[in-house]
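Novice: My file is model_11.cif. It has mmCIF, C-alpha atoms (C1' of nucleotides):
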```cif
data_structure
loop_
_atom_site.label_atom_id
_atom_site.label_comp_id
_atom_site.auth_asym_id
_atom_site.auth_seq_id
_atom_site.Cartn_x
_atom_site.Cartn_y
_atom_site.Cartn_z
CA MET U 1154 46.14 57.44 62.04
CA MET U 1155 43.29 56.56 59.66
CA VAL U 1156 40.18 58.71 59.81
CA ASP U 1157 36.85 58.50 58.04
CA ASP U 1158 34.81 61.25 56.44
CA ASP U 1159 32.80 62.01 59.57
CA GLN U 1160 35.95 62.38 61.64
CA LEU U 1161 37.35 64.84 59.12
CA ASP U 1162 34.05 66.73 59.07
CA ARG U 1163 34.09 67.10 62.83
CA ALA U 1164 37.78 67.89 63.11
CA PHE U 1165 37.87 70.58 60.43
CA ALA U 1166 34.60 72.06 61.66
CA ALA U 1167 36.07 72.15 65.16
CA LEU U 1168 39.03 74.17 63.89
CA ALA U 1169 36.78 76.59 61.99
CA ASP U 1170 36.15 78.70 65.09
CA PRO U 1171 38.60 81.19 66.59
CA VAL U 1172 37.60 80.35 70.15
CA ARG U 1173 38.32 76.66 69.65
CA ARG U 1174 41.58 77.41 67.85
CA ALA U 1175 42.66 79.57 70.78
CA MET U 1176 41.85 76.66 73.07
CA ILE U 1177 44.01 74.38 70.94
CA ALA U 1178 46.84 76.90 71.22
CA ARG U 1179 46.41 77.05 74.98
CA LEU U 1180 46.31 73.27 75.35
CA SER U 1181 49.50 72.85 73.34
CA ARG U 1182 51.25 74.36 76.38
CA GLY U 1183 49.67 71.91 78.82
CA PRO U 1184 46.38 70.52 80.16
CA ALA U 1185 43.68 72.92 81.32
CA THR U 1186 40.27 72.76 82.96
CA VAL U 1187 37.03 74.27 81.69
CA ASN U 1188 37.44 77.27 83.97
CA GLU U 1189 41.02 77.84 82.88
CA LEU U 1190 40.06 77.62 79.23
CA ALA U 1191 37.10 79.93 79.78
CA ASP U 1192 39.19 82.62 81.44
CA PRO U 1193 40.40 84.51 78.33
CA PHE U 1194 36.96 84.66 76.69
CA PRO U 1195 34.03 87.00 77.27
CA ILE U 1196 31.51 84.15 77.00
CA THR U 1197 29.78 81.97 79.56
CA LYS U 1198 31.29 78.79 80.97
CA GLN U 1199 28.43 76.86 79.43
CA ALA U 1200 29.45 78.04 75.99
CA VAL U 1201 33.05 77.08 76.72
CA SER U 1202 31.91 73.70 77.96
CA ARG U 1203 30.21 73.08 74.65
CA HIS U 1204 33.24 74.18 72.66
CA ILE U 1205 35.18 71.58 74.61
CA GLN U 1206 32.62 68.93 73.79
CA VAL U 1207 32.98 69.79 70.11
CA LEU U 1208 36.76 69.39 70.32
CA GLU U 1209 36.36 66.10 72.17
CA ALA U 1210 33.81 64.72 69.69
CA ALA U 1211 36.28 65.62 66.94
CA GLY U 1212 38.94 63.56 68.71
CA LEU U 1213 41.23 66.58 69.02
CA ILE U 1214 41.28 66.44 72.82
CA THR U 1215 40.71 63.89 75.57
CA ARG U 1216 39.62 64.51 79.12
CA THR U 1217 40.71 63.07 82.42
CA ARG U 1218 39.32 63.30 85.92
CA ASP U 1219 40.92 65.26 88.78
CA GLY U 1220 38.41 65.54 91.60
CA GLN U 1221 35.63 67.77 90.41
CA ARG U 1222 37.80 69.05 87.57
CA ARG U 1223 37.91 67.61 84.06
CA PRO U 1224 41.26 68.62 82.54
CA CYS U 1225 41.57 68.65 78.74
CA HIS U 1226 44.57 67.29 76.86
CA LEU U 1227 45.51 67.86 73.24
CA VAL U 1228 45.82 64.74 71.04
CA PRO U 1229 48.73 65.37 68.65
CA ALA U 1230 47.94 62.28 66.56
CA ALA U 1231 44.56 63.75 65.67
CA LEU U 1232 46.25 66.94 64.46
CA GLU U 1233 48.72 64.87 62.50
CA ALA U 1234 45.86 63.07 60.73
CA LEU U 1235 44.62 66.42 59.46
CA THR U 1236 47.97 67.61 58.18
CA SER U 1237 48.41 64.24 56.46
CA TRP U 1238 45.10 64.61 54.66
CA ILE U 1239 45.93 68.14 53.52
CA ASP U 1240 49.51 67.34 52.55
CA GLU U 1241 48.48 64.49 50.30
CA TYR U 1242 46.72 66.90 47.96
CA ARG U 1243 49.12 69.79 48.39
CA LEU U 1244 52.08 67.60 47.47
CA GLU U 1245 50.27 66.10 44.50
CA THR U 1246 49.51 69.59 43.24
CA GLU U 1247 53.10 70.75 43.71
CA ARG U 1248 54.41 67.69 41.85
CA ARG U 1249 52.02 68.45 39.01
CA PHE U 1250 53.21 72.06 38.88
CA ARG U 1251 56.83 70.94 38.71
CA ARG U 1252 56.07 68.50 35.90
CA MET U 1253 54.40 71.31 33.97
CA GLU U 1254 57.37 73.63 34.46
CA ALA U 1255 59.76 70.92 33.32
CA LEU U 1256 57.66 70.37 30.23
CA LEU U 1257 57.65 74.06 29.40
CA ASP U 1258 61.41 74.26 29.86
CA LYS U 1259 61.91 71.36 27.48
CA GLU U 1260 59.87 73.08 24.82
CA GLN U 1261 62.13 76.14 24.80
CA MET L 977 52.06 82.45 53.98
CA MET L 978 50.56 84.54 56.78
CA VAL L 979 46.84 84.20 57.40
CA ASP L 980 44.49 85.98 59.75
CA ASP L 981 41.72 84.55 61.88
CA ASP L 982 39.04 85.06 59.26
CA GLN L 983 41.10 83.27 56.62
CA LEU L 984 41.54 80.30 58.95
CA ASP L 985 37.82 80.34 59.75
CA ARG L 986 36.92 80.19 56.08
CA ALA L 987 39.58 77.66 55.11
CA PHE L 988 38.84 75.16 57.88
CA ALA L 989 35.09 75.57 57.40
CA ALA L 990 35.59 74.95 53.68
CA LEU L 991 37.34 71.65 54.45
CA ALA L 992 34.61 70.61 56.89
CA ASP L 993 32.42 69.25 54.10
CA PRO L 994 32.91 65.95 52.27
CA VAL L 995 31.79 67.36 48.93
CA ARG L 996 34.34 70.17 49.07
CA ARG L 997 37.07 67.79 50.24
CA ALA L 998 36.32 65.54 47.29
CA MET L 999 36.62 68.58 45.03
CA ILE L 1000 40.02 69.36 46.56
CA ALA L 1001 41.09 65.78 45.88
CA ARG L 1002 39.90 66.07 42.29
CA LEU L 1003 41.62 69.40 41.74
CA SER L 1004 44.92 68.05 43.03
CA ARG L 1005 45.05 66.03 39.80
CA GLY L 1006 44.42 69.07 37.60
CA PRO L 1007 42.09 71.99 36.88
CA ALA L 1008 38.38 71.32 36.42
CA THR L 1009 35.26 73.25 35.49
CA VAL L 1010 32.03 73.51 37.44
CA ASN L 1011 30.43 70.83 35.30
CA GLU L 1012 33.36 68.47 35.69
CA LEU L 1013 33.40 68.97 39.44
CA ALA L 1014 29.65 68.47 39.62
CA ASP L 1015 29.73 65.18 37.77
CA PRO L 1016 30.41 62.79 40.66
CA PHE L 1017 27.78 64.30 42.96
CA PRO L 1018 24.02 63.81 43.14
CA ILE L 1019 23.38 67.50 43.72
CA THR L 1020 22.50 70.38 41.40
CA LYS L 1021 25.08 72.42 39.54
CA GLN L 1022 23.95 75.47 41.50
CA ALA L 1023 24.90 73.75 44.74
CA VAL L 1024 28.28 72.81 43.26
CA SER L 1025 28.76 76.38 42.06
CA ARG L 1026 28.29 77.59 45.61
CA HIS L 1027 30.70 75.02 47.02
CA ILE L 1028 33.24 76.38 44.56
CA GLN L 1029 32.56 79.92 45.74
CA VAL L 1030 33.17 78.80 49.31
CA LEU L 1031 36.52 77.27 48.34
CA GLU L 1032 37.46 80.41 46.43
CA ALA L 1033 36.49 82.75 49.28
CA ALA L 1034 38.68 80.59 51.53
CA GLY L 1035 41.59 81.14 49.16
CA LEU L 1036 41.96 77.40 48.57
CA ILE L 1037 41.31 77.70 44.84
CA THR L 1038 41.54 80.34 42.13
CA ARG L 1039 39.60 80.54 38.91
CA THR L 1040 40.56 81.40 35.38
CA ARG L 1041 38.56 82.07 32.24
CA ASP L 1042 38.37 79.71 29.25
CA GLY L 1043 35.56 80.85 26.97
CA GLN L 1044 32.35 80.24 28.81
CA ARG L 1045 34.08 77.92 31.27
CA ARG L 1046 35.60 78.94 34.60
CA PRO L 1047 38.22 76.33 35.47
CA CYS L 1048 39.25 75.94 39.11
CA HIS L 1049 42.83 75.53 40.26
CA LEU L 1050 44.06 74.39 43.66
CA VAL L 1051 46.33 76.79 45.58
CA PRO L 1052 48.95 74.67 47.36
CA ALA L 1053 50.25 77.62 49.39
CA ALA L 1054 46.84 77.99 51.03
CA LEU L 1055 46.90 74.33 52.06
CA GLU L 1056 50.40 74.78 53.36
CA ALA L 1057 49.27 77.67 55.56
CA LEU L 1058 46.79 75.32 57.24
CA THR L 1059 49.27 72.54 57.90
CA SER L 1060 51.67 75.14 59.30
CA TRP L 1061 49.05 76.36 61.74
CA ILE L 1062 48.21 72.85 62.88
CA ASP L 1063 51.83 71.69 63.07
CA GLU L 1064 52.84 74.56 65.32
CA TYR L 1065 50.62 73.23 68.09
CA ARG L 1066 51.11 69.55 67.36
CA LEU L 1067 54.88 69.91 67.55
CA GLU L 1068 54.70 71.96 70.75
CA THR L 1069 52.56 69.24 72.31
CA GLU L 1070 54.90 66.48 71.20
CA ARG L 1071 57.91 68.37 72.60
CA ARG L 1072 56.10 68.73 75.90
CA PHE L 1073 55.30 65.00 75.98
CA ARG L 1074 58.95 64.15 75.37
CA ARG L 1075 60.08 66.48 78.16
CA MET L 1076 57.64 64.79 80.52
CA GLU L 1077 58.86 61.33 79.57
CA ALA L 1078 62.46 62.40 80.07
CA LEU L 1079 61.58 63.75 83.49
CA LEU L 1080 59.88 60.50 84.49
CA ASP L 1081 62.87 58.49 83.31
CA LYS L 1082 65.21 60.61 85.40
CA GLU L 1083 63.14 59.98 88.50
CA GLN L 1084 63.48 56.21 88.24
"C1'" DC P 24 21.01 86.65 14.81
"C1'" DC P 25 19.51 82.65 17.37
"C1'" DT P 26 20.11 78.94 20.17
"C1'" DA P 27 22.54 75.86 23.11
"C1'" DT P 28 25.80 75.52 26.85
"C1'" DA P 29 28.19 77.06 31.17
"C1'" DT P 30 27.54 79.44 35.05
"C1'" DT P 31 25.44 82.37 38.40
"C1'" DC P 32 21.71 84.95 40.99
"C1'" DA P 33 17.50 85.06 43.92
"C1'" DA P 34 14.26 83.32 46.98
"C1'" DC P 35 12.93 79.80 49.77
"C1'" DA P 36 13.05 75.61 53.28
"C1'" DC P 37 15.23 73.30 56.79
"C1'" DA P 38 19.03 71.98 59.85
"C1'" DT P 39 22.88 73.18 62.54
"C1'" DC P 40 25.70 76.42 65.25
"C1'" DG P 41 26.96 79.48 68.89
"C1'" DG P 42 25.40 82.18 72.21
"C1'" DT P 43 22.21 83.09 76.32
"C1'" DT P 44 19.69 82.01 81.01
"C1'" DG P 45 18.16 78.95 84.59
"C1'" DA P 46 18.28 74.53 86.68
"C1'" DT P 47 20.80 70.35 87.89
"C1'" DC P 48 24.47 67.13 89.07
"C1'" DA P 49 28.91 65.76 91.38
"C1'" DA P 50 32.82 66.23 94.33
"C1'" DG P 51 35.31 68.61 98.26
"C1'" DG P 52 35.92 71.21 102.39
"C1'" DG P 53 34.52 73.33 106.66
"C1'" DC F 13 25.76 67.56 106.83
"C1'" DC F 14 25.60 71.72 104.38
"C1'" DC F 15 27.53 74.85 101.16
"C1'" DT F 16 30.68 76.05 97.64
"C1'" DT F 17 32.87 75.08 93.43
"C1'" DG F 18 33.30 72.82 88.79
"C1'" DA F 19 30.83 71.29 85.16
"C1'" DT F 20 26.85 70.02 82.51
"C1'" DC F 21 21.93 69.79 80.83
"C1'" DA F 22 17.76 71.90 78.70
"C1'" DA F 23 15.25 75.26 76.34
"C1'" DC F 24 15.38 79.05 73.62
"C1'" DC F 25 16.98 82.62 69.95
"C1'" DG F 26 19.15 84.65 65.97
"C1'" DA F 27 22.51 83.76 62.39
"C1'" DT F 28 24.56 80.82 59.07
"C1'" DG F 29 24.97 76.75 55.92
"C1'" DT F 30 23.35 73.61 52.39
"C1'" DG F 31 20.16 72.13 49.52
"C1'" DT F 32 16.19 73.09 46.22
"C1'" DT F 33 13.72 75.47 42.02
"C1'" DG F 34 13.26 79.04 38.64
"C1'" DA F 35 15.12 82.93 36.28
"C1'" DA F 36 19.02 85.44 34.43
"C1'" DT F 37 23.54 86.24 32.29
"C1'" DA F 38 27.36 85.38 29.10
"C1'" DT F 39 29.90 83.13 25.63
"C1'" DA F 40 30.22 79.81 21.53
"C1'" DG F 41 28.97 78.54 17.32
"C1'" DG F 42 25.97 77.49 13.31
#
```
How would this structure read if it were set down as C-alpha coordinates?
Specialist:
Amino acid sequence: MMVDDDQLDRAFAALADPVRRAMIARLSRGPATVNELADPFPITKQAVSRHIQVLEAAGLITRTRDGQRRPCHLVPAALEALTSWIDEYRLETERRFRRMEALLDKEQ
Amino acid sequence: MMVDDDQLDRAFAALADPVRRAMIARLSRGPATVNELADPFPITKQAVSRHIQVLEAAGLITRTRDGQRRPCHLVPAALEALTSWIDEYRLETERRFRRMEALLDKEQ
DNA sequence: CCTATATTCAACACATCGGTTGATCAAGGG
DNA sequence: CCCTTGATCAACCGATGTGTTGAATATAGG
(Lines of atoms letter the chains of each structure in order from A and count residues from 1; the text may use other names and numbers.)
(Lines give C-alpha, C1' and ligand atoms only; values in the text may rest on other atoms or scores of the structure.)
Protein backbone atom coordinates (compact mmCIF):
# COMPACT_ATOMS: atom_id res chain seq x y z
CA MET A 1 0.00 0.00 0.00
CA MET A 2 1.34 3.44 -0.94
CA VAL A 3 0.91 6.23 1.59
CA ASP A 4 1.70 9.92 1.48
CA ASP A 5 3.31 12.10 4.11
CA ASP A 6 0.03 13.12 5.72
CA GLN A 7 -1.05 9.51 6.07
CA LEU A 8 2.22 8.66 7.78
CA ASP A 9 1.86 11.70 10.04
CA ARG A 10 -1.59 10.62 11.13
CA ALA A 11 -0.76 6.94 11.47
CA PHE A 12 2.39 7.37 13.55
CA ALA A 13 0.75 10.07 15.66
CA ALA A 14 -2.17 7.70 16.24
CA LEU A 15 0.21 5.05 17.57
CA ALA A 16 1.99 7.55 19.84
CA ASP A 17 -0.62 7.15 22.58
CA PRO A 18 -0.88 4.21 24.96
CA VAL A 19 -4.67 4.26 24.97
CA ARG A 20 -4.84 3.99 21.20
CA ARG A 21 -2.16 1.29 21.15
CA ALA A 22 -4.18 -0.71 23.68
CA MET A 23 -7.19 -0.32 21.40
CA ILE A 24 -5.14 -1.65 18.48
CA ALA A 25 -4.15 -4.63 20.62
CA ARG A 26 -7.77 -5.25 21.55
CA LEU A 27 -8.98 -4.97 17.96
CA SER A 28 -6.39 -7.46 16.74
CA ARG A 29 -8.48 -10.07 18.57
CA GLY A 30 -11.72 -9.03 16.87
CA PRO A 31 -14.10 -6.13 16.22
CA ALA A 32 -15.34 -4.04 19.13
CA THR A 33 -17.77 -1.19 19.74
CA VAL A 34 -17.04 2.14 21.38
CA ASN A 35 -18.42 0.90 24.69
CA GLU A 36 -16.38 -2.28 24.56
CA LEU A 37 -13.22 -0.35 23.77
CA ALA A 38 -13.96 2.16 26.51
CA ASP A 39 -14.42 -0.49 29.17
CA PRO A 40 -10.76 -0.96 30.25
CA PHE A 41 -10.03 2.78 30.52
CA PRO A 42 -10.79 5.26 33.30
CA ILE A 43 -11.80 7.97 30.81
CA THR A 44 -15.13 9.10 29.42
CA LYS A 45 -16.78 7.50 26.40
CA GLN A 46 -16.48 10.82 24.60
CA ALA A 47 -12.71 10.68 24.94
CA VAL A 48 -12.72 7.10 23.68
CA SER A 49 -14.93 8.11 20.78
CA ARG A 50 -12.37 10.69 19.76
CA HIS A 51 -9.49 8.24 20.04
CA ILE A 52 -11.43 6.04 17.64
CA GLN A 53 -11.88 8.92 15.24
CA VAL A 54 -8.13 9.50 15.31
CA LEU A 55 -7.47 5.85 14.46
CA GLU A 56 -10.05 5.98 11.68
CA ALA A 57 -8.66 9.20 10.19
CA ALA A 58 -5.25 7.51 10.21
CA GLY A 59 -6.72 4.63 8.20
CA LEU A 60 -5.76 2.13 10.89
CA ILE A 61 -9.36 1.06 11.49
CA THR A 62 -12.67 1.05 9.63
CA ARG A 63 -16.15 1.09 11.06
CA THR A 64 -19.31 -0.74 10.16
CA ARG A 65 -22.90 -0.37 11.25
CA ASP A 66 -24.76 -2.83 13.50
CA GLY A 67 -27.99 -1.21 14.65
CA GLN A 68 -27.06 1.61 16.95
CA ARG A 69 -23.55 0.20 17.35
CA ARG A 70 -20.54 1.16 15.26
CA PRO A 71 -18.05 -1.72 15.50
CA CYS A 72 -14.39 -0.99 14.76
CA HIS A 73 -12.17 -3.26 12.67
CA LEU A 74 -8.40 -3.22 12.40
CA VAL A 75 -6.93 -2.69 8.89
CA PRO A 76 -3.82 -4.88 8.66
CA ALA A 77 -2.74 -3.33 5.35
CA ALA A 78 -2.41 0.05 7.05
CA LEU A 79 -0.14 -1.48 9.69
CA GLU A 80 1.86 -3.17 6.97
CA ALA A 81 2.42 0.19 5.26
CA LEU A 82 4.06 1.48 8.43
CA THR A 83 6.36 -1.48 8.90
CA SER A 84 7.33 -1.18 5.23
CA TRP A 85 8.30 2.45 5.68
CA ILE A 86 10.36 1.69 8.78
CA ASP A 87 11.99 -1.42 7.34
CA GLU A 88 13.22 0.40 4.26
CA TYR A 89 15.52 2.54 6.38
CA ARG A 90 16.36 -0.10 8.96
CA LEU A 91 17.48 -2.53 6.26
CA GLU A 92 19.49 0.13 4.46
CA THR A 93 21.27 0.93 7.71
CA GLU A 94 21.98 -2.72 8.46
CA ARG A 95 23.37 -3.25 4.94
CA ARG A 96 25.62 -0.25 5.45
CA PHE A 97 26.85 -1.62 8.77
CA ARG A 98 27.65 -4.97 7.18
CA ARG A 99 29.58 -3.29 4.36
CA MET A 100 31.60 -1.38 6.93
CA GLU A 101 32.40 -4.54 8.89
CA ALA A 102 33.46 -6.32 5.72
CA LEU A 103 35.73 -3.42 4.86
CA LEU A 104 37.33 -3.47 8.29
CA ASP A 105 37.87 -7.22 8.08
CA LYS A 106 39.60 -6.83 4.73
CA GLU A 107 41.98 -4.28 6.15
CA GLN A 108 43.25 -6.67 8.82
CA MET B 1 14.63 -5.39 21.97
CA MET B 2 12.09 -4.87 24.73
CA VAL B 3 10.51 -1.44 25.01
CA ASP B 4 8.11 0.04 27.52
CA ASP B 5 5.09 2.23 26.91
CA ASP B 6 7.00 5.48 27.24
CA GLN B 7 9.60 4.35 24.72
CA LEU B 8 6.86 3.52 22.23
CA ASP B 9 5.19 6.87 22.91
CA ARG B 10 8.39 8.74 22.16
CA ALA B 11 9.40 6.64 19.17
CA PHE B 12 6.06 6.79 17.38
CA ALA B 13 5.67 10.48 18.17
CA ALA B 14 9.16 11.06 16.79
CA LEU B 15 8.13 9.42 13.50
CA ALA B 16 4.92 11.46 13.31
CA ASP B 17 6.71 14.42 11.74
CA PRO B 18 7.82 14.69 8.11
CA VAL B 19 11.00 16.57 8.98
CA ARG B 20 12.13 13.87 11.40
CA ARG B 21 11.17 11.11 8.96
CA ALA B 22 13.27 12.80 6.30
CA MET B 23 16.15 12.89 8.77
CA ILE B 24 15.72 9.16 9.38
CA ALA B 25 15.84 8.59 5.63
CA ARG B 26 18.98 10.68 5.36
CA LEU B 27 20.68 8.93 8.27
CA SER B 28 19.98 5.51 6.77
CA ARG B 29 22.61 6.41 4.17
CA GLY B 30 25.21 7.38 6.77
CA PRO B 31 25.95 9.59 9.78
CA ALA B 32 25.31 13.33 9.53
CA THR B 33 25.85 16.44 11.63
CA VAL B 34 23.26 18.98 12.68
CA ASN B 35 24.29 21.30 9.88
CA GLU B 36 24.12 18.56 7.28
CA LEU B 37 20.71 17.47 8.48
CA ALA B 38 19.49 21.06 8.53
CA ASP B 39 20.53 21.74 4.96
CA PRO B 40 17.43 20.47 3.10
CA PHE B 41 14.95 22.26 5.37
CA PRO B 42 13.73 25.86 5.42
CA ILE B 43 13.86 26.04 9.21
CA THR B 44 16.47 27.30 11.67
CA LYS B 45 19.31 25.16 12.96
CA GLN B 46 17.87 25.49 16.44
CA ALA B 47 14.66 23.83 15.28
CA VAL B 48 16.69 21.06 13.64
CA SER B 49 18.74 20.65 16.81
CA ARG B 50 15.54 20.05 18.74
CA HIS B 51 14.24 17.56 16.20
CA ILE B 52 17.49 15.68 16.71
CA GLN B 53 17.00 15.74 20.47
CA VAL B 54 13.53 14.27 19.99
CA LEU B 55 14.94 11.44 17.88
CA GLU B 56 17.67 10.81 20.43
CA ALA B 57 15.26 10.80 23.39
CA ALA B 58 13.21 8.25 21.44
CA GLY B 59 16.28 6.05 21.13
CA LEU B 60 16.10 6.15 17.33
CA ILE B 61 19.52 7.75 16.98
CA THR B 62 22.73 8.07 18.99
CA ARG B 63 25.32 10.79 18.81
CA THR B 64 29.08 10.76 18.83
CA ARG B 65 31.69 13.48 19.14
CA ASP B 66 33.94 14.65 16.29
CA GLY B 67 35.64 17.88 17.32
CA GLN B 68 32.97 20.51 17.51
CA ARG B 69 30.57 18.36 15.50
CA ARG B 70 28.04 15.92 16.94
CA PRO B 71 27.29 13.37 14.23
CA CYS B 72 24.02 11.42 14.43
CA HIS B 73 23.73 7.70 13.78
CA LEU B 74 20.59 5.69 13.17
CA VAL B 75 19.87 2.81 15.58
CA PRO B 76 18.38 -0.02 13.52
CA ALA B 77 17.44 -2.04 16.62
CA ALA B 78 15.13 0.75 17.74
CA LEU B 79 13.36 0.69 14.38
CA GLU B 80 13.10 -3.05 14.61
CA ALA B 81 11.39 -2.78 17.99
CA LEU B 82 8.66 -0.68 16.36
CA THR B 83 8.04 -3.03 13.46
CA SER B 84 7.89 -5.91 15.95
CA TRP B 85 5.22 -4.15 17.95
CA ILE B 86 3.15 -3.39 14.88
CA ASP B 87 3.61 -6.82 13.31
CA GLU B 88 2.38 -8.62 16.40
CA TYR B 89 -1.07 -7.13 15.94
CA ARG B 90 -1.08 -7.13 12.16
CA LEU B 91 -0.25 -10.83 12.05
CA GLU B 92 -2.85 -11.67 14.69
CA THR B 93 -5.46 -9.83 12.63
CA GLU B 94 -4.45 -11.58 9.42
CA ARG B 95 -4.60 -14.99 11.13
CA ARG B 96 -8.07 -14.17 12.36
CA PHE B 97 -9.18 -13.14 8.87
CA ARG B 98 -7.89 -16.41 7.43
CA ARG B 99 -9.72 -18.43 10.09
CA MET B 100 -12.92 -16.60 9.23
CA GLU B 101 -12.50 -17.25 5.53
CA ALA B 102 -11.84 -20.92 6.19
CA LEU B 103 -14.98 -21.10 8.28
CA LEU B 104 -17.06 -19.50 5.55
CA ASP B 105 -15.65 -21.90 2.96
CA LYS B 106 -16.57 -24.87 5.13
CA GLU B 107 -20.16 -23.68 5.39
CA GLN B 108 -20.66 -23.65 1.63
C1' DC C 1 44.78 34.69 22.50
C1' DC C 2 41.10 35.74 19.31
C1' DT C 3 37.79 34.69 16.17
C1' DA C 4 34.94 31.79 13.43
C1' DT C 5 32.14 27.67 13.40
C1' DA C 6 29.01 24.10 15.42
C1' DT C 7 25.72 23.49 18.58
C1' DT C 8 22.69 24.38 22.35
C1' DC C 9 19.89 27.06 25.85
C1' DA C 10 16.11 30.30 27.09
C1' DA C 11 12.03 32.71 26.42
C1' DC C 12 8.29 33.50 23.72
C1' DA C 13 4.08 32.75 20.31
C1' DC C 14 0.80 29.88 18.46
C1' DA C 15 -1.43 25.51 17.27
C1' DT C 16 -2.75 21.00 18.46
C1' DC C 17 -3.88 17.31 21.76
C1' DG C 18 -6.32 14.88 25.28
C1' DG C 19 -9.23 15.28 28.76
C1' DT C 20 -13.70 17.16 30.87
C1' DT C 21 -18.99 18.39 31.06
C1' DG C 22 -23.42 19.11 28.98
C1' DA C 23 -26.35 18.77 25.08
C1' DT C 24 -27.79 16.33 20.92
C1' DC C 25 -28.71 12.74 17.53
C1' DA C 26 -30.09 7.95 16.07
C1' DA C 27 -31.79 3.37 16.58
C1' DG C 28 -34.35 -0.27 19.34
C1' DG C 29 -37.51 -2.16 22.59
C1' DG C 30 -41.41 -2.14 25.67
C1' DC D 1 -45.03 6.66 21.25
C1' DC D 2 -41.84 7.16 24.83
C1' DC D 3 -37.63 5.95 26.99
C1' DT D 4 -33.26 3.79 27.06
C1' DT D 5 -28.96 2.89 25.00
C1' DG D 6 -24.98 3.91 21.85
C1' DA D 7 -22.51 7.38 19.98
C1' DT D 8 -21.29 12.02 18.76
C1' DC D 9 -20.98 17.21 18.85
C1' DA D 10 -19.53 21.62 21.04
C1' DA D 11 -17.19 24.42 24.17
C1' DC D 12 -13.75 24.74 27.31
C1' DC D 13 -9.10 23.94 29.86
C1' DG D 14 -4.35 22.77 30.77
C1' DA D 15 -0.34 20.59 28.76
C1' DT D 16 2.64 19.74 24.98
C1' DG D 17 4.80 20.51 20.36
C1' DT D 18 7.04 23.26 16.84
C1' DG D 19 8.62 27.20 15.26
C1' DT D 20 10.96 31.84 16.07
C1' DT D 21 14.83 35.17 17.90
C1' DG D 22 18.70 36.25 20.77
C1' DA D 23 22.25 34.81 23.85
C1' DA D 24 25.52 31.38 25.41
C1' DT D 25 28.84 27.56 25.18
C1' DA D 26 32.61 24.82 23.21
C1' DT D 27 36.01 23.50 20.02
C1' DA D 28 39.22 24.55 15.95
C1' DG D 29 42.59 26.99 14.06
C1' DG D 30 45.39 31.03 12.66
Novice: So that I can check the surroundings of F:DG42, please list as a list in words every protein, DNA and RNA residue that reaches within 12 Å of it, counting only C-alpha atoms (C1' of nucleotides) and ignoring chain neighbours fewer than 5 positions away.
Specialist: DC24, DC25, DT26 and DA27 of chain P
Novice: Do you have, as CSV, the list of residues of stretch 1168-1201 of chain U lying at most 12 Å from stretch 1231-1244 of chain U, each with its nearest atom pair and that distance in Å to one decimal, counting only C-alpha atoms and ordered by chain then number?
Specialist:
```
residue,atom,partner,partner_atom,distance
U:Leu1168,CA,U:Leu1232,CA,10.2
U:Arg1174,CA,U:Leu1232,CA,12.0
U:Ile1177,CA,U:Leu1232,CA,10.1
U:Ser1181,CA,U:Leu1232,CA,11.2
```
Novice: Using the file's own x, y and z axes, what box holds all listed atoms of stretch 36-45 of chain P with 6 Å on each side, keeping edges along x, y and z, and what are its centre and edge lengths in Å to one decimal, as JSON?
Specialist:
```
{"center_x": 20.0, "center_y": 77.5, "center_z": 68.9, "size_x": 25.9, "size_y": 23.1, "size_z": 43.3}
```
Novice: What are the residues of chain P lining chain U at 8 Å or less? Count all atoms listed in the file, and put the answer as a ChimeraX atom specification.
Specialist: /P:41-42,49-51
Novice: Return the single residue from U:Ala1255, U:Leu1208, U:Leu1227, U:Val1201 that is closest to chain F, with distances computed using all atoms listed in the file.
Specialist: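 The closest residue to chain F is U:Val1201.
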Novice: For this structure, which residues satisfy the selection - the PyMOL selection byres ((chain F) within 10 of (chain L)) - when it is evaluated on the file as given? I want them as JSON, numbers by chain.
Specialist: {"F": [30, 31, 32, 38, 39, 40]}
Novice: Can you work out which one of U:Met1155, U:Ala1191, U:Ala1175, U:Val1207 has the shortest atom-to-atom distance to chain L, counting all atoms listed in the file?
Specialist: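 Checking each candidate against chain L, we get U:Ala1175 as the closest.
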